[in-house]
file protein.cif (mmCIF, C-alpha atoms)
data_my_file
loop_
_atom_site.group_PDB
_atom_site.id
_atom_site.type_symbol
_atom_site.label_atom_id
_atom_site.label_comp_id
_atom_site.auth_asym_id
_atom_site.auth_seq_id
_atom_site.Cartn_x
_atom_site.Cartn_y
_atom_site.Cartn_z
ATOM 1 C CA MET A 1 21.257 89.928 114.192
ATOM 2 C CA LYS A 2 19.480 89.596 110.854
ATOM 3 C CA PHE A 3 19.857 87.315 107.872
ATOM 4 C CA TYR A 4 19.074 87.492 104.175
ATOM 5 C CA VAL A 5 18.017 84.701 101.809
ATOM 6 C CA LEU A 6 20.012 84.986 98.579
ATOM 7 C CA ASP A 7 18.420 83.605 95.398
ATOM 8 C CA THR A 8 21.330 82.303 93.303
ATOM 9 C CA GLY A 9 19.282 80.558 90.609
ATOM 10 C CA TYR A 10 17.935 77.048 90.342
ATOM 11 C CA LEU A 11 18.915 73.566 89.205
ATOM 12 C CA ASP A 12 16.925 71.067 87.169
ATOM 13 C CA GLY A 13 16.846 67.895 89.258
ATOM 14 C CA GLU A 14 15.097 64.616 88.570
ATOM 15 C CA LYS A 15 12.262 64.371 91.080
ATOM 16 C CA ASP A 16 13.029 60.743 91.928
ATOM 17 C CA SER A 17 16.590 61.669 92.890
ATOM 18 C CA VAL A 18 15.282 64.254 95.380
ATOM 19 C CA VAL A 19 12.329 62.296 96.787
ATOM 20 C CA HIS A 20 12.782 58.561 96.229
ATOM 21 C CA ASP A 21 9.368 57.132 97.088
ATOM 22 C CA THR A 22 9.741 53.363 96.729
ATOM 23 C CA SER A 23 5.976 52.878 96.977
ATOM 24 C CA ARG A 24 5.530 54.441 93.518
ATOM 25 C CA GLU A 25 7.053 54.159 90.092
ATOM 26 C CA PRO A 26 10.124 56.427 89.771
ATOM 27 C CA ASP A 27 9.184 59.971 88.776
ATOM 28 C CA LYS A 28 11.644 61.068 86.078
ATOM 29 C CA SER A 29 10.138 64.529 85.672
ATOM 30 C CA LEU A 30 12.349 67.539 86.317
ATOM 31 C CA LEU A 31 11.979 69.479 89.551
ATOM 32 C CA PRO A 32 13.201 73.083 89.763
ATOM 33 C CA MET A 33 15.487 73.257 92.792
ATOM 34 C CA PRO A 34 16.218 76.765 94.117
ATOM 35 C CA VAL A 35 19.823 77.292 95.209
ATOM 36 C CA LEU A 36 19.978 79.356 98.396
ATOM 37 C CA ALA A 37 22.838 81.103 100.137
ATOM 38 C CA PHE A 38 22.468 83.211 103.273
ATOM 39 C CA LEU A 39 24.093 86.413 104.451
ATOM 40 C CA ILE A 40 24.104 86.962 108.202
ATOM 41 C CA GLU A 41 24.598 90.435 109.674
ATOM 42 C CA HIS A 42 26.044 89.814 113.144
ATOM 43 C CA PRO A 43 27.467 92.347 115.612
ATOM 44 C CA ASP A 44 30.835 90.644 115.058
ATOM 45 C CA GLY A 45 30.705 91.083 111.275
ATOM 46 C CA LEU A 46 29.227 89.698 108.072
ATOM 47 C CA ILE A 47 29.007 85.918 107.606
ATOM 48 C CA LEU A 48 28.104 84.117 104.389
ATOM 49 C CA TYR A 49 26.608 80.630 104.594
ATOM 50 C CA ASP A 50 27.244 78.854 101.296
ATOM 51 C CA THR A 51 28.130 80.572 98.044
ATOM 52 C CA GLY A 52 25.857 79.157 95.333
ATOM 53 C CA SER A 53 26.997 77.924 91.917
ATOM 54 C CA ASN A 54 29.752 79.255 89.706
ATOM 55 C CA PRO A 55 28.239 81.379 86.905
ATOM 56 C CA LYS A 56 30.378 79.530 84.331
ATOM 57 C CA ALA A 57 28.928 76.157 85.392
ATOM 58 C CA MET A 58 27.224 75.469 82.072
ATOM 59 C CA GLU A 59 30.172 76.746 80.026
ATOM 60 C CA GLY A 60 32.416 73.807 80.871
ATOM 61 C CA TYR A 61 33.285 74.749 84.457
ATOM 62 C CA TRP A 62 31.166 71.800 85.606
ATOM 63 C CA SER A 63 31.640 68.327 84.177
ATOM 64 C CA LYS A 64 29.327 67.242 81.365
ATOM 65 C CA THR A 65 27.676 64.775 83.740
ATOM 66 C CA MET A 66 26.822 67.470 86.285
ATOM 67 C CA GLN A 67 25.590 69.825 83.571
ATOM 68 C CA ARG A 68 23.271 67.081 82.339
ATOM 69 C CA LYS A 69 22.049 65.916 85.763
ATOM 70 C CA PHE A 70 21.698 69.324 87.426
ATOM 71 C CA ALA A 71 21.484 72.021 84.763
ATOM 72 C CA LEU A 72 21.980 75.465 86.318
ATOM 73 C CA HIS A 73 19.677 78.361 85.477
ATOM 74 C CA GLN A 74 21.095 81.648 86.730
ATOM 75 C CA THR A 75 20.394 85.168 85.513
ATOM 76 C CA PRO A 76 22.947 87.964 85.939
ATOM 77 C CA GLN A 77 20.790 89.271 88.811
ATOM 78 C CA GLN A 78 21.117 85.887 90.563
ATOM 79 C CA ARG A 79 24.897 85.840 90.580
ATOM 80 C CA LEU A 80 26.205 85.996 94.132
ATOM 81 C CA GLU A 81 27.777 89.437 93.690
ATOM 82 C CA ALA A 82 24.465 90.836 92.406
ATOM 83 C CA GLN A 83 22.507 89.311 95.298
ATOM 84 C CA LEU A 84 24.939 90.818 97.800
ATOM 85 C CA ALA A 85 24.683 94.167 96.021
ATOM 86 C CA LEU A 86 20.937 94.200 96.733
ATOM 87 C CA ILE A 87 21.942 94.548 100.375
ATOM 88 C CA GLY A 88 24.753 96.996 99.684
ATOM 89 C CA VAL A 89 27.483 94.459 100.474
ATOM 90 C CA ARG A 90 30.641 93.688 98.486
ATOM 91 C CA PRO A 91 32.344 90.271 98.710
ATOM 92 C CA GLU A 92 35.498 91.808 100.188
ATOM 93 C CA GLU A 93 33.466 93.031 103.179
ATOM 94 C CA ILE A 94 32.629 89.453 104.227
ATOM 95 C CA GLY A 95 35.238 88.072 106.599
ATOM 96 C CA ARG A 96 33.779 84.645 107.339
ATOM 97 C CA VAL A 97 32.300 82.014 105.022
ATOM 98 C CA ILE A 98 30.674 78.827 106.346
ATOM 99 C CA LEU A 99 30.192 76.007 103.842
ATOM 100 C CA SER A 100 27.520 73.446 104.637
ATOM 101 C CA HIS A 101 29.436 70.983 102.455
ATOM 102 C CA LEU A 102 31.612 71.003 99.344
ATOM 103 C CA HIS A 103 29.190 70.243 96.506
ATOM 104 C CA LEU A 104 29.082 72.408 93.384
ATOM 105 C CA ASP A 105 25.952 74.423 94.219
ATOM 106 C CA HIS A 106 27.420 75.501 97.561
ATOM 107 C CA THR A 107 31.039 76.298 96.697
ATOM 108 C CA GLY A 108 30.752 78.118 93.369
ATOM 109 C CA GLY A 109 31.420 81.562 94.819
ATOM 110 C CA LEU A 110 34.559 80.611 96.751
ATOM 111 C CA PRO A 111 36.908 82.346 94.280
ATOM 112 C CA LEU A 112 35.359 85.659 95.458
ATOM 113 C CA PHE A 113 36.682 85.195 98.998
ATOM 114 C CA PRO A 114 40.492 84.802 99.035
ATOM 115 C CA HIS A 115 40.555 87.147 102.036
ATOM 116 C CA ALA A 116 38.031 85.241 104.185
ATOM 117 C CA ASP A 117 38.226 82.602 106.885
ATOM 118 C CA VAL A 118 36.341 79.583 105.530
ATOM 119 C CA TYR A 119 34.720 77.005 107.829
ATOM 120 C CA VAL A 120 33.980 73.524 106.465
ATOM 121 C CA PRO A 121 32.959 70.072 107.740
ATOM 122 C CA ARG A 122 36.196 68.134 108.151
ATOM 123 C CA ALA A 123 34.857 64.788 106.865
ATOM 124 C CA ASP A 124 33.481 66.233 103.635
ATOM 125 C CA TYR A 125 36.512 68.465 103.049
ATOM 126 C CA VAL A 126 38.803 65.450 103.247
ATOM 127 C CA ASN A 127 36.484 63.434 101.002
ATOM 128 C CA ALA A 128 36.249 66.249 98.459
ATOM 129 C CA LEU A 129 40.021 66.727 98.210
ATOM 130 C CA LEU A 130 40.653 63.002 97.961
ATOM 131 C CA THR A 131 38.060 62.770 95.192
ATOM 132 C CA ILE A 132 39.385 65.584 93.008
ATOM 133 C CA HIS A 133 43.014 64.522 93.465
ATOM 134 C CA SER A 134 42.314 60.853 92.761
ATOM 135 C CA SER A 135 41.745 61.461 89.054
ATOM 136 C CA SER A 136 42.435 64.188 86.519
ATOM 137 C CA ASP A 137 39.110 63.417 84.840
ATOM 138 C CA PRO A 138 36.366 65.820 86.057
ATOM 139 C CA GLU A 139 33.771 63.197 85.135
ATOM 140 C CA GLN A 140 35.060 61.134 88.079
ATOM 141 C CA HIS A 141 34.644 63.919 90.637
ATOM 142 C CA GLY A 142 30.879 63.691 91.146
ATOM 143 C CA GLY A 143 29.525 66.868 92.732
ATOM 144 C CA TYR A 144 32.962 68.243 93.634
ATOM 145 C CA ILE A 145 34.516 70.847 91.339
ATOM 146 C CA TRP A 146 38.263 71.316 90.912
ATOM 147 C CA GLY A 147 38.064 75.080 90.385
ATOM 148 C CA ASP A 148 36.021 75.614 93.558
ATOM 149 C CA LEU A 149 38.148 73.429 95.789
ATOM 150 C CA THR A 150 41.489 74.801 94.598
ATOM 151 C CA ALA A 151 40.494 78.478 94.925
ATOM 152 C CA PRO A 152 43.111 80.374 96.997
ATOM 153 C CA LEU A 153 41.769 80.981 100.494
ATOM 154 C CA LYS A 154 43.145 82.815 103.518
ATOM 155 C CA LYS A 155 42.511 79.969 105.971
ATOM 156 C CA VAL A 156 40.315 76.881 106.082
ATOM 157 C CA HIS A 157 38.943 75.851 109.487
ATOM 158 C CA LEU A 158 37.841 72.218 109.851
ATOM 159 C CA ILE A 159 34.728 71.687 111.996
ATOM 160 C CA GLU A 160 34.001 68.327 113.623
ATOM 161 C CA GLU A 161 31.799 69.091 116.647
ATOM 162 C CA ASP A 162 28.579 70.994 117.259
ATOM 163 C CA CYS A 163 29.508 74.411 118.623
ATOM 164 C CA GLU A 164 28.464 77.985 119.244
ATOM 165 C CA PHE A 165 30.078 79.764 116.308
ATOM 166 C CA LEU A 166 29.205 83.228 117.614
ATOM 167 C CA PRO A 167 26.553 84.363 120.096
ATOM 168 C CA GLY A 168 23.220 83.498 118.494
ATOM 169 C CA ILE A 169 24.723 81.199 115.852
ATOM 170 C CA GLU A 170 25.083 77.461 116.416
ATOM 171 C CA ILE A 171 26.796 75.057 114.031
ATOM 172 C CA VAL A 172 25.313 71.546 114.058
ATOM 173 C CA ASN A 173 26.695 68.489 112.284
ATOM 174 C CA LEU A 174 24.197 66.777 109.961
ATOM 175 C CA PRO A 175 26.073 64.086 107.988
ATOM 176 C CA GLY A 176 24.443 61.698 105.534
ATOM 177 C CA HIS A 177 24.012 63.620 102.320
ATOM 178 C CA THR A 178 27.803 63.851 102.355
ATOM 179 C CA PRO A 179 30.307 62.497 104.914
ATOM 180 C CA GLY A 180 30.034 65.753 106.824
ATOM 181 C CA LEU A 181 27.550 68.622 106.617
ATOM 182 C CA LEU A 182 27.188 71.765 108.729
ATOM 183 C CA GLY A 183 23.738 73.166 109.460
ATOM 184 C CA LEU A 184 23.060 76.428 111.274
ATOM 185 C CA VAL A 185 20.719 77.380 114.096
ATOM 186 C CA LEU A 186 20.090 81.135 114.150
ATOM 187 C CA HIS A 187 18.638 82.664 117.308
ATOM 188 C CA CYS A 188 16.945 85.843 116.103
ATOM 189 C CA LYS A 189 14.711 88.349 117.839
ATOM 190 C CA SER A 190 11.630 87.043 116.025
ATOM 191 C CA GLY A 191 12.413 83.376 116.696
ATOM 192 C CA VAL A 192 14.818 80.539 115.918
ATOM 193 C CA TYR A 193 15.585 79.462 112.352
ATOM 194 C CA LEU A 194 17.069 76.134 111.244
ATOM 195 C CA LEU A 195 19.128 76.109 108.059
ATOM 196 C CA PRO A 196 19.894 72.445 107.263
ATOM 197 C CA GLN A 197 20.937 72.886 103.637
ATOM 198 C CA ASP A 198 21.146 69.482 101.933
ATOM 199 C CA ALA A 199 20.591 67.512 105.131
ATOM 200 C CA ALA A 200 16.979 67.853 103.932
ATOM 201 C CA TYR A 201 16.488 69.018 100.342
ATOM 202 C CA VAL A 202 12.735 69.539 100.576
ATOM 203 C CA SER A 203 9.911 69.157 103.079
ATOM 204 C CA ALA A 204 9.175 65.573 101.895
ATOM 205 C CA ASN A 205 12.649 64.505 103.094
ATOM 206 C CA TYR A 206 11.648 65.801 106.524
ATOM 207 C CA GLU A 207 8.468 63.782 106.976
ATOM 208 C CA ARG A 208 8.143 61.051 109.612
ATOM 209 C CA PRO A 209 9.169 58.613 108.321
ATOM 210 C CA PRO A 210 11.266 60.662 105.914
ATOM 211 C CA ILE A 211 11.212 60.025 102.175
ATOM 212 C CA LEU A 212 14.936 60.066 101.489
ATOM 213 C CA PRO A 213 16.722 61.090 98.300
ATOM 214 C CA ARG A 214 17.682 58.255 95.984
ATOM 215 C CA SER A 215 21.386 58.063 96.753
ATOM 216 C CA PRO A 216 22.719 59.923 99.780
ATOM 217 C CA PHE A 217 26.256 59.164 100.893
ATOM 218 C CA ASP A 218 24.920 57.211 103.895
ATOM 219 C CA ARG A 219 21.206 56.487 104.328
ATOM 220 C CA ALA A 220 21.444 55.697 108.052
ATOM 221 C CA LEU A 221 23.347 58.906 108.778
ATOM 222 C CA TYR A 222 20.889 60.856 106.640
ATOM 223 C CA ALA A 223 17.911 59.499 108.593
ATOM 224 C CA ALA A 224 19.680 60.206 111.914
ATOM 225 C CA SER A 225 20.319 63.798 110.858
ATOM 226 C CA ILE A 226 16.643 64.219 109.946
ATOM 227 C CA GLU A 227 15.745 63.041 113.438
ATOM 228 C CA LYS A 228 18.279 65.471 114.932
ATOM 229 C CA LEU A 229 16.636 68.290 112.991
ATOM 230 C CA HIS A 230 13.244 67.314 114.394
ATOM 231 C CA GLN A 231 14.683 67.382 117.916
ATOM 232 C CA LEU A 232 16.197 70.814 117.352
ATOM 233 C CA GLN A 233 12.993 72.147 115.836
ATOM 234 C CA GLU A 234 10.967 70.882 118.771
ATOM 235 C CA GLU A 235 13.475 72.164 121.342
ATOM 236 C CA TYR A 236 13.517 75.695 119.907
ATOM 237 C CA ASP A 237 10.071 75.832 118.254
ATOM 238 C CA ALA A 238 12.108 76.729 115.195
ATOM 239 C CA THR A 239 11.258 77.574 111.607
ATOM 240 C CA ILE A 240 13.135 75.380 109.122
ATOM 241 C CA ILE A 241 14.161 76.705 105.702
ATOM 242 C CA PHE A 242 14.755 73.975 103.136
ATOM 243 C CA PRO A 243 17.451 74.654 100.519
ATOM 244 C CA HIS A 244 15.777 73.265 97.384
ATOM 245 C CA ASP A 245 12.024 73.356 98.073
ATOM 246 C CA ILE A 246 10.347 75.256 95.243
ATOM 247 C CA GLY A 247 7.052 75.357 97.146
ATOM 248 C CA GLN A 248 8.499 76.927 100.289
ATOM 249 C CA PHE A 249 10.789 79.168 98.232
ATOM 250 C CA ALA A 250 7.835 81.186 96.935
ATOM 251 C CA SER A 251 6.876 82.172 100.480
ATOM 252 C CA LEU A 252 10.355 83.169 101.663
ATOM 253 C CA ARG A 253 11.505 86.759 102.059
ATOM 254 C CA LYS A 254 14.365 87.216 99.607
ATOM 255 C CA ALA A 255 17.055 89.874 99.659
ATOM 256 C CA PRO A 256 16.873 92.787 100.131
ATOM 257 C CA GLU A 257 14.139 91.737 102.569
ATOM 258 C CA PHE A 258 15.401 89.978 105.681
ATOM 259 C CA TYR A 259 14.625 88.039 108.850
ATOM 260 C CA GLU A 260 15.645 89.289 112.293
#
call {"tool": "encode", "arguments": {"input": "protein.cif", "output": "structure tokens"}}
result
Amino acid sequence: MKFYVLDTGYLDGEKDSVVHDTSREPDKSLLPMPVLAFLIEHPDGLILYDTGSNPKAMEGYWSKTMQRKFALHQTPQQRLEAQLALIGVRPEEIGRVILSHLHLDHTGGLPLFPHADVYVPRADYVNALLTIHSSSDPEQHGGYIWGDLTAPLKKVHLIEEDCEFLPGIEIVNLPGHTPGLLGLVLHCKSGVYLLPQDAAYVSANYERPPILPRSPFDRALYAASIEKLHQLQEEYDATIIFPHDIGQFASLRKAPEFYE
């Protein structure tokens, strides 16, 4: 089994919203936040973990609020199809898509996968659908995007419990950032890798005690999920890959390079 880190662009995020250090004055400076997706080559087939942002995000596909708060920067080479092409893979060859959660920088490529089985955290899927159907005004939808969540899909599988997804791939529940969030544990030949996605944006969120983001869905759940990640890392002596850490991002192998 091997996996690839896909570079699908970056967001401008306010530093204080990512690392809310109450011991200091709020830092309003902008922090470049890489947006990562992952392609896993498994003996049972290709699996995509998250799908990045929709390339039309800044053309009105996202609400004005989201464009202002998290401006997307994405070159043509960073579009999901182009990143997959670096590996020689077409979207139609991917039969399974796992979504960590349903926010806009994780679901933007869903329209490319009408043929795939899609696996989502039940709690966040329910919350996302309730949110977008509660109002016709996109400005009321927060980080959920109508076009992503109404894309035609073959089948949506709702995940509630930690499980072995396939041999060598564990799904772990890490709620807090959103009502439900699915992280992955990948058991590779070279070692174990933890992919928490937004359960921990950056390494500062992972400190003990953690410096949490400004406004997670549930602060207690967020802190508990950070502790669960520490336990998993210690149990497996694992390497953790943060989803939005510009410092770590520079050192990662990006597609077409891979980890195995």
call {"tool": "closest_residue", "arguments": {"input": "protein.cif", "among": "A:Asn127, A:Ser136, A:Ser215, A:Thr150", "to": "Pro114 of chain A", "atoms": "only C-alpha atoms"}}
result
A:Thr150
call {"tool": "atom_distance", "arguments": {"input": "protein.cif", "atom1": "atom CA of Leu72 of chain A", "atom2": "atom CA of Lys15 of chain A"}}
result
15.5 Å
call {"tool": "closest_residue", "arguments": {"input": "protein.cif", "among": "A:Gly176, A:Gly13, A:Pro32, A:Gly95", "to": "Leu48 of chain A", "atoms": "all atoms listed in the file"}}
result
A:Gly95
call {"tool": "resolve_selection", "arguments": {"input": "protein.cif", "expression": "the PyMOL selection byres ((chain A and resi 200) around 9)", "output": "PyMOL selection string"}}
result
chain A and resi 177+196-199+201-206+212-213+222+225-226+242-244
call {"tool": "atom_distance", "arguments": {"input": "protein.cif", "atom1": "atom CA of Asp124 of chain A", "atom2": "atom CA of Pro209 of chain A"}}
result
25.9 Å
call {"tool": "residues_around", "arguments": {"input": "protein.cif", "residues": "Glu235 of chain A", "least_positions_apart": "3", "cutoff": "12 Å", "atoms": "only C-alpha atoms", "output": "list in words"}}
result
Val185, Val192, Tyr193, Leu194, Lys228, Leu229, His230, Gln231, Leu232, Ala238 and Thr239 of chain A
